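File shown: coords-v5.pdb (PDB, C-alpha atoms and all ligand atoms).
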```
ATOM      1  CA  MET A   1       9.734  15.112 -13.075
ATOM      2  CA  THR A   2       6.472  16.145 -14.608
ATOM      3  CA  TRP A   3       3.205  14.781 -13.376
ATOM      4  CA  ILE A   4      -0.377  15.254 -14.334
ATOM      5  CA  LYS A   5      -2.708  16.611 -11.742
ATOM      6  CA  LYS A   6      -4.686  13.636 -10.580
ATOM      7  CA  THR A   7      -6.457  12.405  -7.505
ATOM      8  CA  VAL A   8      -5.943   8.662  -7.999
ATOM      9  CA  ILE A   9      -2.828   6.656  -8.759
ATOM     10  CA  ALA A  10      -4.152   3.762 -10.832
ATOM     11  CA  PRO A  11      -2.237   0.485 -11.236
ATOM     12  CA  LYS A  12      -1.827  -0.523 -14.884
ATOM     13  CA  ILE A  13      -1.204  -4.186 -14.090
ATOM     14  CA  PHE A  14      -4.888  -4.862 -13.310
ATOM     15  CA  SER A  15      -6.266  -2.880 -16.259
ATOM     16  CA  GLY A  16      -7.207  -5.978 -18.272
ATOM     17  CA  TYR A  17      -9.474  -7.205 -15.475
ATOM     18  CA  PRO A  18     -12.822  -5.397 -15.329
ATOM     19  CA  GLU A  19     -13.741  -7.257 -12.112
ATOM     20  CA  ILE A  20     -11.051  -5.333 -10.215
ATOM     21  CA  ARG A  21     -11.156  -1.750  -9.003
ATOM     22  CA  SER A  22      -8.016  -0.381  -7.398
ATOM     23  CA  GLY A  23      -5.984   2.718  -6.730
ATOM     24  CA  MET A  24      -4.297   4.969  -4.236
ATOM     25  CA  SER A  25      -5.269   8.464  -3.155
ATOM     26  CA  THR A  26      -3.054  11.540  -3.395
ATOM     27  CA  LYS A  27      -3.143  14.758  -1.388
ATOM     28  CA  LEU A  28      -4.988  16.548  -4.166
ATOM     29  CA  GLY A  29      -8.553  17.344  -3.183
ATOM     30  CA  ARG A  30     -10.337  19.000  -0.304
ATOM     31  CA  LYS A  31      -8.475  20.971   2.383
ATOM     32  CA  SER A  32      -9.792  20.771   5.938
ATOM     33  CA  GLN A  33     -10.024  23.621   8.450
ATOM     34  CA  ALA A  34      -7.352  21.852  10.458
ATOM     35  CA  GLY A  35      -4.987  22.467   7.524
ATOM     36  CA  PHE A  36      -4.778  18.938   6.142
ATOM     37  CA  GLU A  37      -5.013  18.355   2.390
ATOM     38  CA  MET A  38      -7.154  15.415   1.305
ATOM     39  CA  ASN A  39      -6.291  13.419   4.392
ATOM     40  CA  LEU A  40      -8.074  10.060   4.771
ATOM     41  CA  SER A  41      -7.079   9.198   8.365
ATOM     42  CA  TYR A  42      -9.084   9.911  11.513
ATOM     43  CA  LYS A  43      -5.975   9.401  13.633
ATOM     44  CA  VAL A  44      -3.835  12.425  12.745
ATOM     45  CA  GLY A  45      -5.851  15.220  14.333
ATOM     46  CA  ASP A  46      -7.818  16.238  11.271
ATOM     47  CA  ASP A  47     -11.458  17.327  11.335
ATOM     48  CA  PRO A  48     -13.473  14.027  11.291
ATOM     49  CA  ALA A  49     -16.323  15.442   9.188
ATOM     50  CA  THR A  50     -13.876  16.433   6.454
ATOM     51  CA  VAL A  51     -12.153  13.040   6.628
ATOM     52  CA  GLU A  52     -15.495  11.347   6.119
ATOM     53  CA  ILE A  53     -16.226  13.492   3.047
ATOM     54  CA  ASN A  54     -12.695  12.906   1.742
ATOM     55  CA  ARG A  55     -13.111   9.147   2.059
ATOM     56  CA  ALA A  56     -16.509   9.238   0.392
ATOM     57  CA  THR A  57     -15.021  11.371  -2.420
ATOM     58  CA  PHE A  58     -12.064   9.062  -2.932
ATOM     59  CA  PHE A  59     -14.039   5.815  -2.792
ATOM     60  CA  SER A  60     -16.904   7.126  -4.946
ATOM     61  CA  GLN A  61     -14.418   7.234  -7.828
ATOM     62  CA  PHE A  62     -14.448   3.430  -7.645
ATOM     63  CA  GLU A  63     -18.181   3.250  -6.883
ATOM     64  CA  ILE A  64     -17.308   1.938  -3.419
ATOM     65  CA  TYR A  65     -19.263   2.964  -0.314
ATOM     66  CA  ASN A  66     -17.605   3.742   3.023
ATOM     67  CA  SER A  67     -19.711   0.884   4.452
ATOM     68  CA  GLU A  68     -17.848  -1.612   2.225
ATOM     69  CA  LEU A  69     -14.377  -0.888   3.642
ATOM     70  CA  ALA A  70     -12.297  -3.534   5.393
ATOM     71  CA  ILE A  71      -9.516  -1.779   7.280
ATOM     72  CA  PRO A  72      -6.684  -3.353   9.297
ATOM     73  CA  LEU A  73      -5.562  -1.574  12.458
ATOM     74  CA  GLN A  74      -1.919  -1.520  11.221
ATOM     75  CA  PHE A  75       0.785  -1.697  13.840
ATOM     76  CA  HIS A  76       3.808  -2.596  11.682
ATOM     77  CA  SER A  77       3.262  -6.300  12.205
ATOM     78  CA  ALA A  78       3.694  -9.076   9.656
ATOM     79  CA  ASN A  79       0.213 -10.492  10.356
ATOM     80  CA  VAL A  80      -2.181 -11.273   7.527
ATOM     81  CA  CYS A  81      -5.948 -11.639   8.112
ATOM     82  CA  ARG A  82      -8.444 -13.367   5.867
ATOM     83  CA  VAL A  83     -11.657 -11.334   5.864
ATOM     84  CA  ASP A  84     -15.097 -11.974   4.423
ATOM     85  CA  LYS A  85     -16.871  -8.769   5.278
ATOM     86  CA  PRO A  86     -16.245  -5.049   5.809
ATOM     87  CA  GLY A  87     -15.107  -3.774   9.209
ATOM     88  CA  GLU A  88     -12.041  -2.897  11.226
ATOM     89  CA  TYR A  89      -9.539  -5.668  11.838
ATOM     90  CA  ASN A  90      -7.223  -5.614  14.825
ATOM     91  CA  ASN A  91      -3.954  -7.418  14.905
ATOM     92  CA  CYS A  92      -2.972  -7.261  11.225
ATOM     93  CA  ASP A  93      -1.273  -5.200   8.521
ATOM     94  CA  ALA A  94      -2.486  -7.151   5.507
ATOM     95  CA  LEU A  95      -5.838  -8.506   4.355
ATOM     96  CA  ILE A  96      -6.869 -11.130   1.823
ATOM     97  CA  THR A  97     -10.315 -12.103   0.578
ATOM     98  CA  ASN A  98     -12.203 -13.836  -2.189
ATOM     99  CA  ALA A  99     -15.382 -11.991  -1.271
ATOM    100  CA  SER A 100     -16.711  -9.487  -3.754
ATOM    101  CA  GLY A 101     -18.050  -6.173  -2.493
ATOM    102  CA  VAL A 102     -15.412  -5.937   0.244
ATOM    103  CA  ALA A 103     -12.930  -3.118  -0.285
ATOM    104  CA  LEU A 104      -9.531  -3.990   1.185
ATOM    105  CA  VAL A 105      -7.966  -0.741   2.350
ATOM    106  CA  ILE A 106      -4.749   0.378   4.002
ATOM    107  CA  THR A 107      -3.504   3.768   5.160
ATOM    108  CA  VAL A 108      -0.058   4.986   4.112
ATOM    109  CA  ALA A 109       2.345   7.931   4.099
ATOM    110  CA  ASP A 110       5.772   6.510   2.996
ATOM    111  CA  CYS A 111       5.166   2.849   3.864
ATOM    112  CA  VAL A 112       4.839   0.559   0.853
ATOM    113  CA  PRO A 113       1.301  -0.335  -0.256
ATOM    114  CA  ILE A 114       1.105  -3.630  -2.144
ATOM    115  CA  LEU A 115      -1.986  -4.780  -4.004
ATOM    116  CA  LEU A 116      -2.320  -8.445  -5.010
ATOM    117  CA  PHE A 117      -4.682 -10.224  -7.384
ATOM    118  CA  ASP A 118      -5.050 -13.858  -8.388
ATOM    119  CA  PRO A 119      -7.266 -13.704 -11.498
ATOM    120  CA  ILE A 120      -7.772 -17.484 -11.596
ATOM    121  CA  GLN A 121      -9.093 -18.047  -8.057
ATOM    122  CA  LYS A 122     -10.467 -14.471  -7.900
ATOM    123  CA  VAL A 123      -8.598 -13.574  -4.729
ATOM    124  CA  ILE A 124      -7.353 -10.129  -3.741
ATOM    125  CA  GLY A 125      -4.925  -8.941  -1.107
ATOM    126  CA  ILE A 126      -3.556  -5.717   0.313
ATOM    127  CA  VAL A 127      -0.358  -5.273   2.305
ATOM    128  CA  HIS A 128       1.051  -2.434   4.417
ATOM    129  CA  ALA A 129       4.832  -2.833   4.381
ATOM    130  CA  GLY A 130       6.960  -0.339   6.245
ATOM    131  CA  TRP A 131      10.531  -1.304   7.054
ATOM    132  CA  LYS A 132       9.445  -3.554   9.913
ATOM    133  CA  GLY A 133       6.790  -5.339   7.885
ATOM    134  CA  THR A 134       9.230  -5.681   4.997
ATOM    135  CA  ALA A 135      11.987  -7.012   7.277
ATOM    136  CA  ASN A 136       9.490  -9.567   8.611
ATOM    137  CA  ALA A 137       8.399 -10.539   5.069
ATOM    138  CA  ILE A 138       4.763  -9.551   5.339
ATOM    139  CA  VAL A 139       4.191  -9.725   1.575
ATOM    140  CA  LYS A 140       5.595 -13.247   1.516
ATOM    141  CA  ARG A 141       3.194 -14.190   4.306
ATOM    142  CA  ALA A 142       0.289 -12.692   2.379
ATOM    143  CA  ILE A 143       1.166 -14.867  -0.616
ATOM    144  CA  TYR A 144       1.444 -17.943   1.666
ATOM    145  CA  LYS A 145      -1.982 -17.236   3.078
ATOM    146  CA  MET A 146      -3.482 -16.858  -0.405
ATOM    147  CA  GLN A 147      -1.985 -20.268  -1.261
ATOM    148  CA  GLU A 148      -3.246 -21.825   1.982
ATOM    149  CA  GLU A 149      -6.740 -20.375   2.043
ATOM    150  CA  PHE A 150      -7.574 -20.144  -1.636
ATOM    151  CA  LYS A 151      -5.200 -22.468  -3.506
ATOM    152  CA  THR A 152      -3.564 -19.558  -5.284
ATOM    153  CA  GLU A 153      -0.775 -20.532  -7.708
ATOM    154  CA  THR A 154       1.878 -17.856  -7.388
ATOM    155  CA  GLU A 155       2.661 -17.736 -11.097
ATOM    156  CA  ASN A 156      -0.847 -16.341 -11.625
ATOM    157  CA  VAL A 157      -0.478 -13.507  -9.113
ATOM    158  CA  LEU A 158      -0.381  -9.888 -10.297
ATOM    159  CA  ALA A 159       1.114  -7.308  -7.940
ATOM    160  CA  PHE A 160       1.252  -3.543  -7.711
ATOM    161  CA  ILE A 161       3.876  -1.946  -5.483
ATOM    162  CA  GLY A 162       2.621   1.586  -4.971
ATOM    163  CA  PRO A 163       4.061   5.053  -4.372
ATOM    164  CA  SER A 164       6.104   5.096  -1.166
ATOM    165  CA  ALA A 165       9.457   6.222   0.224
ATOM    166  CA  GLY A 166      11.987   5.701  -2.577
ATOM    167  CA  VAL A 167      15.625   4.693  -2.307
ATOM    168  CA  CYS A 168      16.367   8.321  -3.325
ATOM    169  CA  CYS A 169      15.207   9.497   0.116
ATOM    170  CA  TYR A 170      14.749   6.592   2.502
ATOM    171  CA  GLU A 171      17.760   6.938   4.742
ATOM    172  CA  VAL A 172      18.013   4.457   7.608
ATOM    173  CA  SER A 173      20.332   3.656  10.491
ATOM    174  CA  GLU A 174      22.903   0.886  10.238
ATOM    175  CA  GLU A 175      20.821  -1.315  12.578
ATOM    176  CA  VAL A 176      17.907  -1.105  10.155
ATOM    177  CA  ALA A 177      20.037  -1.349   7.023
ATOM    178  CA  VAL A 178      21.520  -4.728   7.964
ATOM    179  CA  LYS A 179      18.085  -6.294   7.596
ATOM    180  CA  PHE A 180      17.970  -5.553   3.861
ATOM    181  CA  GLU A 181      19.800  -6.580   0.705
ATOM    182  CA  ASN A 182      18.556  -3.805  -1.542
ATOM    183  CA  LYS A 183      20.275  -0.622  -0.495
ATOM    184  CA  ILE A 184      22.621   2.078  -1.614
ATOM    185  CA  VAL A 185      25.647   2.664   0.563
ATOM    186  CA  PRO A 186      27.816   5.587  -0.568
ATOM    187  CA  TYR A 187      31.576   5.050  -0.449
ATOM    188  CA  ASP A 188      32.051   6.975   2.790
ATOM    189  CA  LYS A 189      29.121   5.088   4.412
ATOM    190  CA  ALA A 190      27.899   8.386   5.830
ATOM    191  CA  LYS A 191      24.357   7.531   4.862
ATOM    192  CA  ILE A 192      22.543   4.338   3.960
ATOM    193  CA  PHE A 193      19.430   4.230   1.796
ATOM    194  CA  VAL A 194      17.140   1.209   1.633
ATOM    195  CA  ASP A 195      15.001   0.297  -1.373
ATOM    196  CA  LEU A 196      11.835  -1.056   0.246
ATOM    197  CA  LYS A 197      10.002  -1.373  -3.080
ATOM    198  CA  LYS A 198      12.716  -3.609  -4.490
ATOM    199  CA  GLU A 199      12.879  -5.636  -1.260
ATOM    200  CA  ASN A 200       9.193  -6.391  -1.559
ATOM    201  CA  ALA A 201       9.457  -7.135  -5.290
ATOM    202  CA  PHE A 202      12.262  -9.627  -4.541
ATOM    203  CA  GLN A 203      10.173 -11.286  -1.822
ATOM    204  CA  LEU A 204       7.343 -11.708  -4.314
ATOM    205  CA  GLN A 205       9.699 -13.165  -6.895
ATOM    206  CA  ARG A 206      11.188 -15.607  -4.413
ATOM    207  CA  GLN A 207       7.629 -16.829  -3.764
ATOM    208  CA  GLY A 208       7.204 -17.501  -7.459
ATOM    209  CA  VAL A 209       5.545 -14.325  -8.668
ATOM    210  CA  VAL A 210       6.691 -13.628 -12.224
ATOM    211  CA  PRO A 211       8.737 -10.408 -12.560
ATOM    212  CA  GLY A 212       6.583  -9.319 -15.508
ATOM    213  CA  ASN A 213       3.523  -9.553 -13.245
ATOM    214  CA  ILE A 214       4.914  -7.027 -10.772
ATOM    215  CA  GLU A 215       4.351  -3.316 -11.403
ATOM    216  CA  ILE A 216       6.496  -0.995  -9.295
ATOM    217  CA  SER A 217       5.503   2.667  -9.057
ATOM    218  CA  GLU A 218       8.456   4.983  -9.551
ATOM    219  CA  LEU A 219       6.817   7.699  -7.483
ATOM    220  CA  CYS A 220       8.495   8.576  -4.182
ATOM    221  CA  THR A 221       6.196   9.992  -1.518
ATOM    222  CA  ILE A 222       9.039  12.028   0.007
ATOM    223  CA  CYS A 223      10.168  13.632  -3.308
ATOM    224  CA  GLU A 224       6.698  14.314  -4.678
ATOM    225  CA  LYS A 225       5.580  16.802  -2.094
ATOM    226  CA  GLN A 226       2.780  18.266  -4.163
ATOM    227  CA  LEU A 227       1.277  14.855  -4.742
ATOM    228  CA  PHE A 228       1.707  12.859  -1.532
ATOM    229  CA  HIS A 229       1.670  13.041   2.232
ATOM    230  CA  SER A 230       4.947  11.908   3.753
ATOM    231  CA  TYR A 231       5.546  11.045   7.386
ATOM    232  CA  ARG A 232       9.297  11.232   6.886
ATOM    233  CA  ARG A 233       9.059  14.701   5.315
ATOM    234  CA  ASP A 234       6.198  16.269   7.294
ATOM    235  CA  GLY A 235       6.393  14.442  10.629
ATOM    236  CA  LYS A 236       3.415  14.391  12.941
ATOM    237  CA  SER A 237       1.473  16.892  10.838
ATOM    238  CA  ALA A 238       1.452  14.512   7.869
ATOM    239  CA  GLY A 239      -1.901  13.411   6.496
ATOM    240  CA  ARG A 240      -2.459   9.922   5.132
ATOM    241  CA  MET A 241      -3.366   8.422   1.787
ATOM    242  CA  MET A 242      -5.315   5.214   1.290
ATOM    243  CA  ALA A 243      -4.826   2.359  -1.153
ATOM    244  CA  VAL A 244      -7.708   0.085  -2.115
ATOM    245  CA  ILE A 245      -8.419  -3.095  -4.042
ATOM    246  CA  TYR A 246     -11.945  -4.400  -4.617
ATOM    247  CA  LEU A 247     -13.613  -7.293  -6.401
ATOM    248  CA  LYS A 248     -16.765  -6.091  -8.089
ATOM    249  CA  PRO A 249     -19.971  -7.837  -6.898
TER     250      PRO A 249
HETATM  251 ZN    ZN A 301      12.612  10.394  -3.093
END
```

Turn the structure described in the file into structure tokens.
Amino acid sequence: MTWIKKTVIAPKIFSGYPEIRSGMSTKLGRKSQAGFEMNLSYKVGDDPATVEINRATFFSQFEIYNSELAIPLQFHSANVCRVDKPGEYNNCDALITNASGVALVITVADCVPILLFDPIQKVIGIVHAGWKGTANAIVKRAIYKMQEEFKTETENVLAFIGPSAGVCCYEVSEEVAVKFENKIVPYDKAKIFVDLKKENAFQLQRQGVVPGNIEISELCTICEKQLFHSYRRDGKSAGRMMAVIYLKP
């Protein structure tokens, strides 16, 4: 497929809402001396000074400062935290807030990033859904928590399911595959591929999110090696992208 050289993947679904800034980084940008390309994680062995510049570069495109970031620790849980200020949050893989000036951020390289917005109650959410989080319905829990904490009506929710491992490449074992409905099993059953994006879209729909309010990126992080880091493809030497959603102060 053809793609335009760009440093941010921008959701279209939020484009009518000037109060929202959102996007996901790519691997296009600065290379570090450690050999990473536009890596935004401090945890993969990259040079910290370069990571800091990379983050500042990425977030400056949204006029967001590094000091405004709210970042979950991420351990493939299905826990959702409500946050009201920037900082690092242990014990969760998803964040929700109605506070403006707080950038909800997750780190990804194949796992599914999901951005949520309720334009009526002015609530945003971000979800890190790998296969474990997806199997444990983390996006469904995020929607529940938006309903509980902020009286969100699900038919108002807009969702962006971002670039991540596609069904074209995401091969899993039988033990993992049984947890999912959306998969491709070739006739000889030699390989099983799970569609995590579709799984998450279906979870949203079952919660009452309107299909037309869900944008699913077609980009696969494993296929698009010039555009994305991929843990599945590059293993331990993989860098990380970040996804962000932010309510303007
Ligand atoms: Zn692929």

So that each row is one residue of chain A with an atom at most 8 Å from ligand ZN 301 (chain A), can you give its shortest atom pair and the distance in Å to one decimal, using only C-alpha atoms and all ligand atoms, rows by chain and rising number, as a tab-separated table?
```
residue	atom	partner	partner_atom	distance
A:Ala165	CA	A:ZN301	ZN	6.2
A:Gly166	CA	A:ZN301	ZN	4.8
A:Val167	CA	A:ZN301	ZN	6.5
A:Cys168	CA	A:ZN301	ZN	4.3
A:Cys169	CA	A:ZN301	ZN	4.2
A:Tyr170	CA	A:ZN301	ZN	7.1
A:Leu219	CA	A:ZN301	ZN	7.8
A:Cys220	CA	A:ZN301	ZN	4.6
A:Thr221	CA	A:ZN301	ZN	6.6
A:Ile222	CA	A:ZN301	ZN	5.0
A:Cys223	CA	A:ZN301	ZN	4.1
A:Glu224	CA	A:ZN301	ZN	7.3
```

Selection: 12 Å around A:Ile184, only C-alpha atoms, excl. self and same-chain fewer than 6 positions, as a ChimeraX atom specification: /A:166-172,174,177-178,190-196,198

Within 12 Å of stretch 39-49 of chain A: each stretch 64-171 of chain A residue with its shortest pair, all atoms listed in the file, as CSV:
```
residue,atom,partner,partner_atom,distance
A:Asn66,CA,A:Leu40,CA,11.6
A:Ile71,CA,A:Ser41,CA,11.3
A:Leu73,CA,A:Lys43,CA,11.0
A:Gln74,CA,A:Lys43,CA,11.9
A:Val105,CA,A:Leu40,CA,11.1
A:Ile106,CA,A:Ser41,CA,10.1
A:Thr107,CA,A:Ser41,CA,7.2
A:Val108,CA,A:Ser41,CA,9.2
A:Ala109,CA,A:Asn39,CA,10.2
```

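Within a radius of 12 Å around (-1.2, 20.9, 6.5), the polymer residues are Lys27, Arg30, Lys31, Ser32, Gln33, Ala34, Gly35, Phe36, Glu37, Met38, Asn39, Val44, Gly45, Asp46, Asp47, Lys225, Gln226, Phe228, His229, Ser230, Tyr231, Asp234, Gly235, Lys236, Ser237, Ala238, Gly239 and Arg240 of chain A, counting all atoms listed in the file.
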
Dump as a compact mmCIF listing (two decimals), in the frame of the given file, selection limited to C-alpha atoms:
```txt
# COMPACT_ATOMS: atom_id res chain seq x y z
CA LYS A 27 -3.14 14.76 -1.39
CA ARG A 30 -10.34 19.00 -0.30
CA LYS A 31 -8.48 20.97 2.38
CA SER A 32 -9.79 20.77 5.94
CA GLN A 33 -10.02 23.62 8.45
CA ALA A 34 -7.35 21.85 10.46
CA GLY A 35 -4.99 22.47 7.52
CA PHE A 36 -4.78 18.94 6.14
CA GLU A 37 -5.01 18.36 2.39
CA MET A 38 -7.15 15.42 1.30
CA ASN A 39 -6.29 13.42 4.39
CA VAL A 44 -3.84 12.42 12.74
CA GLY A 45 -5.85 15.22 14.33
CA ASP A 46 -7.82 16.24 11.27
CA ASP A 47 -11.46 17.33 11.34
CA LYS A 225 5.58 16.80 -2.09
CA GLN A 226 2.78 18.27 -4.16
CA PHE A 228 1.71 12.86 -1.53
CA HIS A 229 1.67 13.04 2.23
CA SER A 230 4.95 11.91 3.75
CA TYR A 231 5.55 11.04 7.39
CA ASP A 234 6.20 16.27 7.29
CA GLY A 235 6.39 14.44 10.63
CA LYS A 236 3.42 14.39 12.94
CA SER A 237 1.47 16.89 10.84
CA ALA A 238 1.45 14.51 7.87
CA GLY A 239 -1.90 13.41 6.50
CA ARG A 240 -2.46 9.92 5.13
```

Stretch 14-20 of chain A environment, 10 Å, all atoms listed in the file, sequence neighbours closer than 4 positions dropped, as a compact mmCIF listing (two decimals) with C-alpha atoms, keeping the file's coordinate frame:
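Below is the file that was written, around28.txt:
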```
# COMPACT_ATOMS: atom_id res chain seq x y z
CA ALA A 10 -4.15 3.76 -10.83
CA PHE A 62 -14.45 3.43 -7.64
CA SER A 100 -16.71 -9.49 -3.75
CA LEU A 115 -1.99 -4.78 -4.00
CA LEU A 116 -2.32 -8.44 -5.01
CA PHE A 117 -4.68 -10.22 -7.38
CA PRO A 119 -7.27 -13.70 -11.50
CA LYS A 122 -10.47 -14.47 -7.90
CA ILE A 124 -7.35 -10.13 -3.74
CA LEU A 158 -0.38 -9.89 -10.30
CA ALA A 159 1.11 -7.31 -7.94
CA PHE A 160 1.25 -3.54 -7.71
CA ASN A 213 3.52 -9.55 -13.24
CA GLU A 215 4.35 -3.32 -11.40
CA ILE A 245 -8.42 -3.10 -4.04
CA TYR A 246 -11.94 -4.40 -4.62
CA LEU A 247 -13.61 -7.29 -6.40
CA LYS A 248 -16.76 -6.09 -8.09
CA PRO A 249 -19.97 -7.84 -6.90
```

Contacts of A:Asp118 at 6 Å (only C-alpha atoms; same-chain gap of 4+ positions) as a ChimeraX atom specification: /A:122-123,156-157

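Residue nearest A:Ile161, chosen from A:Phe59, A:Tyr144, A:Phe202, A:Tyr89 and counting only C-alpha atoms: A:Phe202.
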
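The protein and nucleic acid residues lying at most 8 Å from A:Ile143 are Val139, Gln147, Thr154, Leu204 and Gln207 of chain A, with only C-alpha atoms considered and sequence neighbours fewer than 4 positions away removed.
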
Please extract stretch 220-231 of chain A and write it out with N, CA and C atoms, as a CSV table (one decimal), in the first residue's frame.
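So part.csv came out as:
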```
chain,number,residue,atom,x,y,z
A,220,CYS,N,-1.6,-1.9,9.8
A,220,CYS,CA,-1.0,-2.9,10.7
A,220,CYS,C,0.4,-2.6,11.0
A,221,THR,N,0.7,-2.6,12.3
A,221,THR,CA,2.0,-2.2,12.8
A,221,THR,C,3.1,-3.2,12.3
A,222,ILE,N,2.7,-4.5,12.1
A,222,ILE,CA,3.7,-5.5,11.7
A,222,ILE,C,4.0,-5.4,10.2
A,223,CYS,N,3.0,-5.2,9.4
A,223,CYS,CA,3.2,-5.0,7.9
A,223,CYS,C,3.9,-3.7,7.6
A,224,GLU,N,3.6,-2.6,8.3
A,224,GLU,CA,4.1,-1.3,7.9
A,224,GLU,C,5.4,-1.0,8.6
A,225,LYS,N,6.4,-1.7,8.1
A,225,LYS,CA,7.7,-1.6,8.9
A,225,LYS,C,8.4,-0.3,8.8
A,226,GLN,N,8.1,0.5,7.7
A,226,GLN,CA,8.7,1.8,7.6
A,226,GLN,C,8.0,2.8,8.5
A,227,LEU,N,6.8,2.5,8.9
A,227,LEU,CA,6.0,3.5,9.6
A,227,LEU,C,5.9,3.2,11.1
A,228,PHE,N,6.0,1.9,11.5
A,228,PHE,CA,5.7,1.6,12.9
A,228,PHE,C,6.8,0.7,13.6
A,229,HIS,N,6.9,0.9,14.9
A,229,HIS,CA,7.6,-0.1,15.7
A,229,HIS,C,6.7,-1.3,15.8
A,230,SER,N,7.3,-2.5,15.9
A,230,SER,CA,6.5,-3.7,16.2
A,230,SER,C,7.2,-4.7,17.1
A,231,TYR,N,6.6,-5.0,18.2
A,231,TYR,CA,7.2,-5.9,19.1
A,231,TYR,C,7.3,-7.3,18.5
```
